[in-house]
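Q: Below is upload-v2.cif; it holds mmCIF, C-alpha atoms.
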data_structure
loop_
_atom_site.label_atom_id
_atom_site.label_comp_id
_atom_site.auth_asym_id
_atom_site.auth_seq_id
_atom_site.Cartn_x
_atom_site.Cartn_y
_atom_site.Cartn_z
CA ASN A 22 -18.14 -24.39 -2.52
CA PRO A 23 -17.78 -22.39 -5.76
CA PRO A 24 -20.90 -20.47 -6.79
CA ARG A 25 -23.03 -22.03 -9.49
CA PRO A 26 -23.44 -20.16 -12.75
CA THR A 27 -26.87 -18.65 -13.25
CA GLY A 28 -26.64 -18.46 -17.02
CA GLY A 29 -24.92 -16.14 -19.47
CA ARG A 30 -21.13 -16.08 -19.74
CA PRO A 31 -19.70 -19.09 -17.87
CA LEU A 32 -16.47 -17.45 -16.61
CA LEU A 33 -17.61 -13.97 -15.59
CA ASN A 34 -20.75 -14.89 -13.68
CA PRO A 35 -19.11 -17.30 -11.18
CA TYR A 36 -16.45 -14.66 -10.47
CA LEU A 37 -19.05 -11.95 -9.83
CA ALA A 38 -21.23 -14.33 -7.86
CA PHE A 39 -18.25 -15.21 -5.68
CA ILE A 40 -17.51 -11.52 -5.04
CA LEU A 41 -21.13 -10.80 -4.12
CA LYS A 42 -21.45 -13.85 -1.89
CA GLU A 43 -18.21 -13.22 0.01
CA ARG A 44 -18.26 -9.41 -0.16
CA ARG A 45 -17.79 -8.89 3.58
CA VAL A 46 -14.66 -10.99 3.99
CA LEU A 47 -13.25 -9.75 0.66
CA SER A 48 -13.88 -6.15 1.72
CA PHE A 49 -12.03 -6.96 4.93
CA GLY A 50 -9.04 -8.24 2.96
CA MET A 51 -8.99 -5.24 0.62
CA SER A 52 -9.26 -2.87 3.58
CA MET A 53 -6.29 -4.43 5.34
CA THR A 54 -4.11 -4.35 2.22
CA PHE A 55 -5.20 -0.76 1.49
CA PHE A 56 -4.28 0.44 4.97
CA SER A 57 -0.97 -1.39 4.81
CA SER A 58 -0.02 1.62 2.67
CA PHE A 59 0.59 3.60 5.87
CA GLY A 60 3.73 1.53 6.38
CA GLN A 61 4.87 1.37 2.75
CA THR A 62 7.90 3.14 1.30
CA PHE A 63 5.92 5.09 -1.30
CA LEU A 64 3.98 6.87 1.46
CA PHE A 65 7.05 7.62 3.58
CA ALA A 66 8.75 9.10 0.51
CA LEU A 67 6.14 11.89 0.47
CA PHE A 68 7.20 12.98 3.98
CA VAL A 69 10.98 12.65 3.63
CA PRO A 70 11.55 16.37 2.87
CA PHE A 71 9.66 17.29 6.06
CA PHE A 72 11.63 14.77 8.12
CA LEU A 73 14.96 16.07 6.80
CA GLU A 74 14.08 19.66 7.63
CA GLU A 75 12.43 18.98 10.99
CA TYR A 76 15.15 16.73 12.40
CA HIS A 77 18.18 18.25 10.58
CA LEU A 78 19.02 14.99 8.78
CA ASP A 79 20.71 14.35 5.46
CA ASN A 80 19.60 11.67 3.01
CA ARG A 81 22.22 9.18 4.17
CA SER A 82 21.29 9.54 7.84
CA PHE A 83 17.59 9.14 7.17
CA GLY A 84 18.22 6.18 4.86
CA THR A 85 20.17 4.44 7.63
CA LEU A 86 17.42 5.19 10.14
CA TYR A 87 14.77 3.87 7.77
CA SER A 88 16.71 0.70 6.96
CA LEU A 89 17.28 -0.07 10.65
CA ALA A 90 13.57 0.41 11.36
CA THR A 91 12.74 -1.92 8.47
CA LEU A 92 15.14 -4.57 9.77
CA GLY A 93 13.56 -4.24 13.21
CA SER A 94 10.10 -4.83 11.80
CA ALA A 95 11.39 -7.86 9.87
CA ALA A 96 12.77 -9.32 13.11
CA LEU A 97 9.50 -8.81 15.01
CA LEU A 98 7.17 -10.02 12.26
CA PRO A 99 7.61 -13.80 12.82
CA ILE A 100 7.02 -13.31 16.55
CA LEU A 101 3.82 -11.31 16.20
CA GLY A 102 2.61 -12.74 12.91
CA GLU A 103 2.11 -16.30 14.19
CA LYS A 104 -0.38 -15.12 16.82
CA ILE A 105 -3.08 -14.92 14.14
CA ASP A 106 -3.14 -18.73 14.34
CA ARG A 107 -4.10 -18.58 18.03
CA VAL A 108 -6.26 -15.44 18.21
CA PRO A 109 -9.59 -14.92 16.37
CA VAL A 110 -9.07 -12.80 13.27
CA ARG A 111 -11.57 -10.18 14.45
CA ILE A 112 -9.45 -9.54 17.58
CA TYR A 113 -6.14 -9.75 15.74
CA SER A 114 -7.23 -7.27 13.06
CA LEU A 115 -8.44 -4.89 15.75
CA TRP A 116 -4.99 -5.02 17.35
CA VAL A 117 -3.28 -4.37 14.01
CA ALA A 118 -5.53 -1.43 13.07
CA GLY A 119 -5.16 -0.04 16.59
CA ALA A 120 -1.36 -0.36 16.34
CA LEU A 121 -1.45 1.55 13.05
CA GLY A 122 -3.43 4.31 14.73
CA ALA A 123 -1.01 4.40 17.70
CA ALA A 124 1.99 4.49 15.37
CA SER A 125 0.46 7.38 13.42
CA LEU A 126 -0.15 9.20 16.70
CA LEU A 127 3.48 8.69 17.71
CA MET A 128 4.60 10.04 14.33
CA ALA A 129 2.45 13.13 14.81
CA MET A 130 3.92 13.69 18.29
CA SER A 131 7.53 12.66 17.58
CA TRP A 132 9.96 15.14 19.13
CA ASN A 133 13.40 13.70 18.35
CA ILE A 134 15.20 11.09 16.24
CA VAL A 135 14.51 8.32 18.76
CA THR A 136 10.73 8.79 18.64
CA LEU A 137 10.89 9.21 14.85
CA PHE A 138 12.68 5.86 14.65
CA ALA A 139 10.09 4.24 16.94
CA ALA A 140 7.22 5.65 14.85
CA ILE A 141 8.74 4.38 11.59
CA LEU A 142 9.40 0.97 13.15
CA LEU A 143 5.78 0.64 14.35
CA LEU A 144 4.38 1.84 11.04
CA ARG A 145 6.55 -0.57 9.06
CA LEU A 146 5.62 -3.43 11.39
CA SER A 147 1.87 -2.82 11.65
CA GLY A 148 1.49 -1.47 8.11
CA GLN A 149 3.79 -3.14 5.61
CA GLY A 150 4.15 -6.20 7.83
CA LEU A 151 1.05 -7.16 9.79
CA SER A 152 -1.74 -5.52 7.76
CA GLY A 153 -0.96 -7.35 4.54
CA HIS A 154 -0.12 -10.46 6.55
CA THR A 155 -3.56 -10.38 8.20
CA ALA A 156 -5.32 -10.06 4.85
CA ASP A 157 -3.41 -12.83 3.05
CA THR A 158 -3.52 -15.24 5.98
CA THR A 159 -7.26 -14.75 6.41
CA MET A 160 -7.96 -15.33 2.71
CA ALA A 161 -5.80 -18.46 2.69
CA LYS A 162 -7.58 -19.88 5.74
CA ALA A 163 -11.11 -18.88 4.77
CA PHE A 164 -11.04 -20.39 1.25
CA SER A 165 -9.77 -23.55 -0.37
CA SER A 166 -11.16 -24.07 -3.88
CA GLN A 167 -11.61 -20.30 -4.33
CA ARG A 168 -8.36 -19.28 -2.59
CA GLY A 169 -6.76 -17.81 -5.71
CA LYS A 170 -9.70 -15.52 -6.44
CA ALA A 171 -9.91 -14.39 -2.82
CA LEU A 172 -6.20 -13.53 -2.67
CA SER A 173 -6.39 -11.69 -5.99
CA ILE A 174 -9.30 -9.52 -4.92
CA SER A 175 -7.86 -8.92 -1.45
CA ASN A 176 -4.57 -7.71 -2.92
CA LEU A 177 -6.32 -5.01 -4.96
CA GLY A 178 -6.00 -2.82 -1.87
CA HIS A 179 -2.30 -2.33 -2.64
CA PRO A 180 -2.61 -0.63 -6.08
CA ILE A 181 -5.69 1.29 -4.94
CA GLY A 182 -3.69 2.70 -2.03
CA GLU A 183 -0.78 3.53 -4.32
CA GLY A 184 -3.14 5.39 -6.64
CA ILE A 185 -5.23 7.30 -4.10
CA LEU A 186 -3.04 8.13 -1.11
CA PRO A 187 -0.22 10.06 -2.84
CA LEU A 188 -2.75 12.38 -4.46
CA ALA A 189 -4.67 12.77 -1.21
CA ILE A 190 -1.54 13.55 0.81
CA ALA A 191 -0.26 15.98 -1.82
CA GLY A 192 -3.58 17.80 -1.63
CA LEU A 193 -3.61 17.86 2.17
CA ALA A 194 -0.03 19.11 2.30
CA THR A 195 -1.03 22.29 0.47
CA PHE A 196 -2.95 23.55 3.49
CA MET A 197 -1.96 21.28 6.42
CA TYR A 198 1.25 20.93 8.42
CA TRP A 199 2.77 17.47 8.00
CA ARG A 200 2.18 16.59 11.65
CA ASP A 201 -1.50 17.48 11.28
CA ILE A 202 -1.78 14.97 8.43
CA TRP A 203 -0.52 12.24 10.77
CA TRP A 204 -2.97 13.41 13.44
CA LEU A 205 -5.71 12.92 10.84
CA PHE A 206 -4.38 9.44 10.05
CA ALA A 207 -4.33 8.49 13.75
CA PHE A 208 -7.86 9.77 14.31
CA SER A 209 -9.27 7.99 11.23
CA LEU A 210 -7.53 4.67 11.87
CA SER A 211 -8.49 4.51 15.54
CA LEU A 212 -12.08 5.73 15.41
CA PHE A 213 -13.26 4.50 12.01
CA VAL A 214 -10.98 1.89 10.42
CA ALA A 215 -10.45 -0.37 13.47
CA PRO A 216 -14.19 -0.76 14.24
CA ALA A 217 -14.99 -1.19 10.54
CA VAL A 218 -12.59 -4.09 9.93
CA TYR A 219 -13.77 -5.71 13.16
CA ARG A 220 -17.41 -5.62 12.03
CA LEU A 221 -16.57 -6.93 8.54
CA ILE A 222 -14.94 -10.10 9.87
CA GLN A 223 -16.78 -10.39 13.20
CA ARG A 224 -19.10 -13.30 12.32
CA HIS A 225 -17.06 -15.13 9.71
CA PRO A 226 -16.31 -18.82 10.48
CA VAL A 227 -12.56 -18.18 10.01
CA ASN A 228 -12.55 -16.86 13.58
CA ASP A 229 -13.36 -20.37 14.86
CA LEU A 230 -10.13 -21.81 13.44
CA ALA A 231 -8.09 -20.11 16.15
CA ARG A 232 -10.18 -21.59 18.97
CA SER A 233 -10.01 -25.10 17.52
CA ARG A 234 -6.21 -25.14 17.34
CA PRO A 235 -4.22 -26.58 20.28
CA GLU A 236 -2.43 -23.88 22.20
CA ALA A 237 0.89 -25.68 22.27
CA SER A 238 2.29 -29.09 21.58
CA THR A 239 2.91 -31.66 24.28
CA ALA A 240 6.65 -31.40 23.68
CA ALA A 241 6.60 -27.70 24.47
CA ALA A 242 4.49 -28.25 27.57
CA GLU A 243 6.75 -30.97 28.95
CA SER A 244 10.04 -29.36 28.10
CA GLY A 245 10.19 -26.75 30.82
CA LYS A 246 13.45 -25.47 29.35
CA SER A 247 11.91 -22.85 27.15
CA SER A 248 8.81 -20.79 27.21
CA ARG A 249 5.86 -21.35 24.90
CA PHE A 250 6.90 -18.14 23.15
CA THR A 251 10.38 -19.51 22.37
CA PHE A 252 8.93 -22.83 21.26
CA HIS A 253 6.59 -21.21 18.75
CA LEU A 254 9.37 -19.00 17.38
CA PHE A 255 11.75 -21.89 16.72
CA GLU A 256 8.90 -24.04 15.39
CA ASN A 257 8.16 -21.30 12.85
CA LEU A 258 11.78 -20.91 11.78
CA ALA A 259 12.06 -24.69 11.40
CA HIS A 260 10.06 -24.44 8.18
CA LEU A 261 13.12 -22.90 6.55
CA ARG A 262 14.87 -26.28 6.88
CA ASP A 263 12.25 -27.90 4.65
CA PRO A 264 14.11 -29.34 1.59
CA ARG A 265 11.70 -27.52 -0.71
CA MET A 266 12.92 -24.14 0.55
CA LYS A 267 16.12 -24.23 -1.49
CA ILE A 268 13.88 -24.65 -4.54
CA VAL A 269 11.30 -22.01 -3.66
CA LEU A 270 13.08 -19.23 -1.77
CA PRO A 271 15.34 -17.81 -4.53
CA ALA A 272 12.36 -17.31 -6.85
CA ALA A 273 10.15 -16.04 -4.02
CA LEU A 274 12.64 -13.38 -2.85
CA ALA A 275 14.10 -12.23 -6.18
CA PRO A 276 11.18 -9.97 -7.29
CA PRO A 277 10.86 -7.85 -4.11
CA PHE A 278 14.65 -7.41 -4.02
CA TRP A 279 15.07 -6.26 -7.61
CA VAL A 280 11.83 -4.29 -7.88
CA THR A 281 12.73 -2.30 -4.74
CA GLY A 282 16.23 -1.57 -6.00
CA PHE A 283 15.24 -0.52 -9.51
CA PHE A 284 12.26 1.54 -8.35
CA LEU A 285 14.35 3.40 -5.79
CA TYR A 286 17.07 4.40 -8.25
CA GLN A 287 15.21 4.55 -11.57
CA VAL A 288 14.98 8.36 -11.54
CA SER A 289 18.73 8.53 -10.79
CA PHE A 290 19.77 6.26 -13.66
CA GLY A 291 16.86 7.20 -15.93
CA ASP A 292 18.78 9.89 -17.81
CA GLU A 293 21.37 7.32 -18.84
CA ILE A 294 18.78 5.39 -20.86
CA GLY A 295 16.55 8.33 -21.80
CA TRP A 296 13.87 8.08 -19.13
CA SER A 297 12.89 11.51 -17.87
CA ALA A 298 11.30 11.94 -14.44
CA THR A 299 8.11 13.08 -16.16
CA ARG A 300 7.91 9.94 -18.28
CA ILE A 301 8.58 7.72 -15.28
CA ALA A 302 5.79 9.43 -13.34
CA SER A 303 3.33 9.10 -16.22
CA ALA A 304 4.21 5.41 -16.64
CA PHE A 305 2.90 4.67 -13.14
CA LEU A 306 -0.64 4.78 -14.53
CA GLY A 307 0.14 1.76 -16.70
CA PHE A 308 1.89 0.14 -13.74
CA ALA A 309 -1.20 0.45 -11.54
CA ALA A 310 -3.58 -0.70 -14.29
CA ALA A 311 -1.42 -3.72 -15.11
CA ARG A 312 -1.12 -4.66 -11.43
CA ILE A 313 -4.89 -4.57 -10.93
CA ALA A 314 -5.67 -6.48 -14.14
CA SER A 315 -3.05 -9.17 -13.53
CA SER A 316 -4.17 -9.64 -9.93
CA LEU A 317 -7.74 -10.27 -11.06
CA VAL A 318 -6.66 -12.69 -13.80
CA ILE A 319 -4.22 -14.79 -11.77
CA GLY A 320 -6.79 -15.83 -9.15
CA PRO A 321 -8.91 -18.13 -11.38
CA LEU A 322 -5.71 -19.55 -12.88
CA ILE A 323 -4.41 -20.50 -9.43
CA ASP A 324 -7.73 -22.16 -8.62
CA ARG A 325 -7.66 -24.09 -11.89
CA PHE A 326 -4.00 -25.15 -12.13
CA SER A 327 -2.79 -24.80 -8.47
CA ALA A 328 -0.13 -22.44 -7.15
CA HIS A 329 2.71 -24.97 -7.29
CA ARG A 330 2.17 -25.42 -11.04
CA MET A 331 1.98 -21.65 -11.63
CA PHE A 332 4.93 -20.75 -9.40
CA PRO A 333 7.85 -21.66 -11.73
CA PHE A 334 6.47 -19.29 -14.39
CA TYR A 335 5.70 -16.27 -12.21
CA LEU A 336 9.15 -14.73 -12.75
CA LEU A 337 8.54 -14.38 -16.51
CA PRO A 338 6.93 -10.89 -16.26
CA LEU A 339 9.87 -9.59 -14.19
CA ILE A 340 12.40 -11.08 -16.62
CA SER A 341 10.47 -9.45 -19.47
CA ALA A 342 10.42 -6.10 -17.66
CA LEU A 343 14.18 -6.14 -17.08
CA SER A 344 14.81 -7.15 -20.72
CA ILE A 345 12.69 -4.39 -22.26
CA PRO A 346 15.13 -1.46 -21.61
CA LEU A 347 17.87 -3.45 -23.37
CA LEU A 348 15.79 -4.11 -26.46
CA LEU A 349 13.49 -1.13 -27.11
CA PRO A 350 13.84 2.67 -27.49
CA ALA A 351 13.50 4.74 -24.32
CA HIS A 352 10.23 6.45 -25.26
CA ILE A 353 8.57 3.03 -25.57
CA SER A 354 10.52 0.94 -23.07
CA ILE A 355 9.58 2.96 -19.95
CA TYR A 356 5.87 2.27 -20.39
CA LEU A 357 6.22 -1.43 -21.19
CA TYR A 358 8.81 -1.80 -18.41
CA MET A 359 6.45 -0.32 -15.83
CA MET A 360 3.50 -2.36 -17.07
CA MET A 361 5.42 -5.63 -16.78
CA MET A 362 6.64 -4.59 -13.32
CA GLY A 363 2.98 -4.13 -12.43
CA VAL A 364 2.14 -7.60 -13.74
CA SER A 365 5.01 -9.07 -11.70
CA LEU A 366 3.75 -7.54 -8.46
CA GLY A 367 0.10 -8.27 -9.29
CA ILE A 368 0.60 -12.01 -9.62
CA GLY A 369 3.37 -12.44 -7.05
CA SER A 370 1.58 -12.18 -3.71
CA PRO A 371 -1.45 -14.37 -4.58
CA ILE A 372 0.74 -17.12 -6.04
CA LYS A 373 3.17 -17.18 -3.11
CA THR A 374 0.53 -17.10 -0.39
CA ALA A 375 -1.45 -19.86 -2.12
CA LEU A 376 1.79 -21.85 -2.48
CA TRP A 377 2.52 -21.67 1.27
CA ALA A 378 -1.02 -22.94 1.93
CA GLU A 379 -0.54 -25.86 -0.48
CA MET A 380 2.88 -26.74 0.91
CA PHE A 381 2.22 -26.48 4.64
CA GLY A 382 -1.58 -26.35 5.07
CA VAL A 383 -3.53 -23.54 6.69
CA GLU A 384 -3.50 -24.60 10.36
CA ARG A 385 -0.27 -22.65 10.98
CA MET A 386 -0.63 -20.31 8.02
CA GLY A 387 -0.03 -17.18 10.07
CA ALA A 388 3.26 -18.49 11.47
CA ILE A 389 4.50 -19.76 8.12
CA ARG A 390 3.58 -16.70 6.11
CA SER A 391 5.06 -14.33 8.70
CA VAL A 392 8.45 -16.05 8.39
CA PHE A 393 8.49 -15.61 4.62
CA ALA A 394 7.19 -12.05 4.85
CA SER A 395 10.02 -11.30 7.27
CA LEU A 396 12.57 -12.66 4.80
CA MET A 397 11.01 -10.52 2.05
CA ILE A 398 11.21 -7.36 4.18
CA PHE A 399 14.80 -8.19 5.12
CA GLY A 400 15.66 -8.53 1.42
CA THR A 401 14.03 -5.23 0.51
CA SER A 402 15.95 -3.50 3.31
CA LEU A 403 19.25 -4.75 1.85
CA SER A 404 18.31 -3.95 -1.74
CA PRO A 405 18.97 -0.17 -1.58
CA PHE A 406 22.46 -0.76 -0.12
CA ILE A 407 23.46 -3.42 -2.64
CA MET A 408 21.91 -1.64 -5.62
CA GLY A 409 23.53 1.66 -4.59
CA PHE A 410 26.90 -0.11 -4.24
CA ILE A 411 26.57 -1.60 -7.73
CA LEU A 412 25.72 1.77 -9.23
CA ASP A 413 28.54 3.52 -7.34
CA LEU A 414 31.00 1.08 -8.92
CA ARG A 415 30.03 2.66 -12.27
CA ILE A 416 29.06 -0.69 -13.72
CA PRO A 417 27.36 -0.04 -17.09
CA LEU A 418 23.59 0.01 -16.71
CA PRO A 419 23.01 -2.72 -19.33
CA MET A 420 25.27 -4.95 -17.24
CA VAL A 421 23.18 -4.19 -14.11
CA PHE A 422 20.02 -5.23 -15.95
CA ALA A 423 21.81 -8.33 -17.24
CA ILE A 424 22.86 -9.30 -13.69
CA ALA A 425 19.26 -8.97 -12.51
CA ILE A 426 17.97 -10.99 -15.47
CA GLY A 427 20.57 -13.69 -14.88
CA THR A 428 19.67 -14.14 -11.21
CA CYS A 429 15.96 -14.32 -12.06
CA VAL A 430 16.54 -16.89 -14.81
CA LEU A 431 18.59 -19.04 -12.44
CA ALA A 432 15.93 -18.76 -9.73
CA MET A 433 13.23 -19.67 -12.23
CA ALA A 434 15.20 -22.68 -13.50
CA LEU A 435 15.73 -23.86 -9.92
CA SER A 436 12.02 -23.48 -9.10
CA PHE A 437 11.09 -26.12 -11.68
CA GLY A 438 12.46 -28.60 -9.15
CA ILE A 439 9.14 -28.26 -7.34
CA PHE A 440 7.72 -30.79 -9.81
CA PRO A 441 9.68 -33.96 -8.89
CA ARG A 442 7.87 -36.38 -6.62
CA LYS A 443 9.92 -35.61 -3.50
CA ALA A 444 9.28 -31.88 -3.76
CA ARG A 445 5.77 -32.01 -5.15
CA VAL A 446 3.19 -30.37 -2.88
#
Mind turning the file's structure into structure tokens?
A:
Amino acid sequence: NPPRPTGGRPLLNPYLAFILKERRVLSFGMSMTFFSSFGQTFLFALFVPFFLEEYHLDNRSFGTLYSLATLGSAALLPILGEKIDRVPVRIYSLWVAGALGAASLLMAMSWNIVTLFAAILLLRLSGQGLSGHTADTTMAKAFSSQRGKALSISNLGHPIGEGILPLAIAGLATFMYWRDIWWLFAFSLSLFVAPAVYRLIQRHPVNDLARSRPEASTAAAESGKSSRFTFHLFENLAHLRDPRMKIVLPAALAPPFWVTGFFLYQVSFGDEIGWSATRIASAFLGFAAARIASSLVIGPLIDRFSAHRMFPFYLLPLISALSIPLLLPAHISIYLYMMMMGVSLGIGSPIKTALWAEMFGVERMGAIRSVFASLMIFGTSLSPFIMGFILDLRIPLPMVFAIAIGTCVLAMALSFGIFPRKARV
């Protein structure tokens, strides 16, 4: 139940009371999203020069290796992600944190391209994939009327990681060998982080949801033609045949695709529109601030209006961001562009996770969310190739922005179909 106001300002006090009351489970969610940073592209980018020198790779070879590892993690995510529905969260989170520690250890010990690939694959899977998946699924299952707030607060781990870890790694790299930094990661994740997240969620009632769920349906038990594993996999993928998917998926997948592509190449094309590398770097402060603020604001709005009513409008910040470089001078546009990108990412994850809960319920939330997370990762792995191809064709940059805007507008227009009676959740 939502906390009762104790006097004073009616909006702020319930929010703070909710945070204080649920601080353990919210801290768990923020911790899992923070440590998902160990599998995120921004962190790998800091080590790319070391990888190229150590393994005698060029940028193209490493990019191919990285994309293949990302595709591998996307393929494995639906298989491993659905197990959170059948295993208590305290055990599942311990596995995920332990896998992050093991992956960091493999990175520290990697001796050739094969082990480097395996380390990247495990880090992408346990970090970018399963860590954020664990946090969002747990928040969606643990809360109903306060789900939006919980998801918003839990997702603050992402911008905090983006703000702290690059500076920390840059400082460590001044006096530590890159492998030693990964040894430090492995030691910290295994000995401190894994036990900490276990203790935070150990006694929460969300753990009981796994034990109360049937292990498999009668159809799977009687079939005998396929294993329980195969049954669960195809049952998860069956959600993609839901008629509402053609309405929801284009809008759900457009932001991660375009944000990844533009972020990856914005330094390369920045000179064309007057964005220096220094200005782009300084604009990340506004990006982080906007992402944090928007994440905190969207939660109460989801709880008040519902995710399915908010969803058709969540592409507006991204459309605004992509329009700004076409309308404003470069010295102003870079800062507003990055801020609106931050807003887009800040509101995106809470709205989409809450929408899956409203559409399909929370009993199989882990399975459902893992399928959509896998599609998102698959899209972000294709984005660098497609965006690079577009830029190599020498298409004028305003036209590239216009293409992105057009696809987002079409996806947004299509998403309004969620309101008719047959598609209403």
Q: Counting all atoms listed in the file, figure out which residue out of A:Met380, A:Ile112, A:Leu101, A:Ala171 gets nearest to Met266 of chain A.
A: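 Of all the options, A:Met380 lies closest to Met266 of chain A.
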Q: Just want the 12 Å neighbourhood of Glu75 of chain A, counted on all atoms listed in the file, with same-chain residues fewer than 4 positions away dropped. Output as an mmCIF file with C-alpha atoms, keeping the file's coordinate frame.
A:
data_model
loop_
_atom_site.group_PDB
_atom_site.id
_atom_site.type_symbol
_atom_site.label_atom_id
_atom_site.label_comp_id
_atom_site.auth_asym_id
_atom_site.auth_seq_id
_atom_site.Cartn_x
_atom_site.Cartn_y
_atom_site.Cartn_z
ATOM 1 C CA PHE A 68 7.200 12.980 3.980
ATOM 2 C CA VAL A 69 10.980 12.650 3.630
ATOM 3 C CA PRO A 70 11.550 16.370 2.870
ATOM 4 C CA PHE A 71 9.660 17.290 6.060
ATOM 5 C CA ASP A 79 20.710 14.350 5.460
ATOM 6 C CA PHE A 83 17.590 9.140 7.170
ATOM 7 C CA SER A 131 7.530 12.660 17.580
ATOM 8 C CA TRP A 132 9.960 15.140 19.130
ATOM 9 C CA ASN A 133 13.400 13.700 18.350
ATOM 10 C CA ILE A 134 15.200 11.090 16.240
ATOM 11 C CA LEU A 137 10.890 9.210 14.850
ATOM 12 C CA TYR A 198 1.250 20.930 8.420
ATOM 13 C CA TRP A 199 2.770 17.470 8.000
ATOM 14 C CA ARG A 200 2.180 16.590 11.650
#
Q: For the structure shown, which residues end up in the PyMOL selection byres ((chain A and resi 401-405) around 10)? Put them as a ChimeraX atom specification, please?
A: /A:84-85,87-92,95,274-286,395-400,406-411
Q: Which residues of segment 296-408 of chain A sit at most 12 Å from segment 142-162 of chain A, using all atoms listed in the file? Give each one's shortest atom pair and distance in Å (one decimal place), in chain and ascending residue order, as a tab-separated table.
A:
residue	atom	partner	partner_atom	distance
A:Gly320	CA	A:Met160	CA	11.9
A:Ser370	CA	A:Asp157	CA	8.4
A:Pro371	CA	A:Asp157	CA	8.0
A:Ile372	CA	A:Asp157	CA	10.9
A:Lys373	CA	A:Asp157	CA	10.0
A:Thr374	CA	A:Asp157	CA	6.8
A:Ala375	CA	A:Ala161	CA	6.6
A:Leu376	CA	A:Ala161	CA	9.8
A:Trp377	CA	A:Ala161	CA	9.0
A:Ala378	CA	A:Ala161	CA	6.6
A:Glu379	CA	A:Ala161	CA	9.6
A:Phe381	CA	A:Ala161	CA	11.5
A:Gly382	CA	A:Lys162	CA	8.8
A:Val383	CA	A:Lys162	CA	5.5
A:Glu384	CA	A:Lys162	CA	7.8
A:Arg385	CA	A:Lys162	CA	9.4
A:Met386	CA	A:Thr158	CA	6.2
A:Gly387	CA	A:Thr158	CA	5.7
A:Ala388	CA	A:Thr158	CA	9.3
A:Ile389	CA	A:Thr158	CA	9.5
A:Arg390	CA	A:Thr158	CA	7.2
A:Ser391	CA	A:His154	CA	6.8
A:Val392	CA	A:His154	CA	10.4
A:Phe393	CA	A:His154	CA	10.2
A:Ala394	CA	A:Gly150	CA	7.2
A:Ser395	CA	A:Gly150	CA	7.8
A:Leu396	CA	A:Gly150	CA	11.0
A:Met397	CA	A:Gly150	CA	10.0
A:Ile398	CA	A:Gly150	CA	8.0
A:Phe399	CA	A:Gly150	CA	11.2
A:Thr401	CA	A:Gln149	CA	11.6
A:Ser402	CA	A:Arg145	CA	11.4
Q: If the PyMOL selection byres ((chain A and resi 356) around 12) were run on this exact file, what residues would it hold? Put them as an MDAnalysis selection string.
A: chainID A and resid 296:297 299:311 342 345:346 349:355 357:363
Q: Residues near Val46 of chain A, anyone? I mean within 7 Å using all atoms listed in the file, not counting same-chain ones fewer than 3 positions away, as a list in words.
A: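 Non-adjacent residues within range: Glu43, Phe49, Gly50, Leu221 and Ile222 of chain A.
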Q: Please, what is the axis-aligned box for every listed atom of segment 78-96 of chain A with 3 Å on each side, as centre and edge lengths in Å to one decimal, as JSON?
A:
{"center_x": 16.2, "center_y": 2.8, "center_z": 8.1, "size_x": 18.1, "size_y": 30.3, "size_z": 16.2}
Q: I need the residue set behind the PyMOL selection byres ((chain A and resi 319) around 10) for this file; please write it as a list in words.
A: Gly169, Lys170, Leu172, Ser173, Ala314, Ser315, Ser316, Leu317, Val318, Gly320, Pro321, Leu322, Ile323, Asp324, Arg325, Ala328, Met331, Val364, Gly367, Ile368, Gly369, Pro371 and Ile372 of chain A
Q: What separation in Å, quoted to one decimal, exists between atom CA of Pro99 of chain A and atom CA of Tyr113 of chain A?
A: 14.6 Å
Q: Distance cut-off 7 Å, centre (-7.5, -1.6, 11.3) in file coordinates, counting all atoms listed in the file: which residues qualify? Return them as an NGL selection string.
A: :A and (53 or 114-115 or 117-119 or 210 or 214-215 or 218)
Q: Quick one: distance from atom CA of Met130 of chain A to atom CA of Ala96 of chain A in Å, one decimal?
A: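 Those two atoms sit 25.2 Å apart.
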Q: Counting only C-alpha atoms, figure out which residue out of A:Ala163, A:Val135, A:Tyr219, A:Leu418 gets nearest to Ser289 of chain A.
A: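 Nearest to Ser289 of chain A: A:Leu418.
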Q: Any idea what the distance is between atom CA of Thr195 of chain A and atom CA of Leu78 of chain A?
A: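 About the pair atom CA of Thr195 of chain A and atom CA of Leu78 of chain A: they are 22.9 Å apart.
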Q: Rank A:Ile100, A:Ala207, A:Met197, A:Leu188 by their smallest atom-to-atom distance to Ala129 of chain A, using all atoms listed in the file, and report the top residue only.
A: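 Counting all atoms listed in the file, the residue closest to Ala129 of chain A is A:Ala207.
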Q: Could you check which of A:Ile105, A:Trp116, A:Pro417, A:Leu212 is closest to Leu230 of chain A, using all atoms listed in the file?
A: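 Result for the nearest residue to Leu230 of chain A: A:Ile105.
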Q: Using only C-alpha atoms, which of the listed residues (A:Gly122, A:Gly60, A:Gly295, A:Gly438) sits closest to Leu205 of chain A?
A: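 The answer is A:Gly122, which sits nearest to Leu205 of chain A.
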Q: Taking all atoms listed in the file into account, name the residue in A:Ile174, A:Ile340, A:Gly291, A:Lys42 that is nearest to Ser365 of chain A.
A: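 The shortest atom-to-atom distance to Ser365 of chain A comes from A:Ile340.
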Q: Can you tell me, as a list in words, what residues are no more than 9 Å from Gly182 of chain A when counting all atoms listed in the file, ignoring any on the same chain fewer than 6 positions away?
A: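 Surrounding residues, per the criterion: Thr54, Phe55, Phe56, Ser57 and Ser58 of chain A.
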Q: Could you tell me, as a ChimeraX atom specification, which residues have any atom at most 10 Å from (-12.1, -19.0, 13.8), counting all atoms listed in the file?
A: /A:105-111,159,162-163,223-234
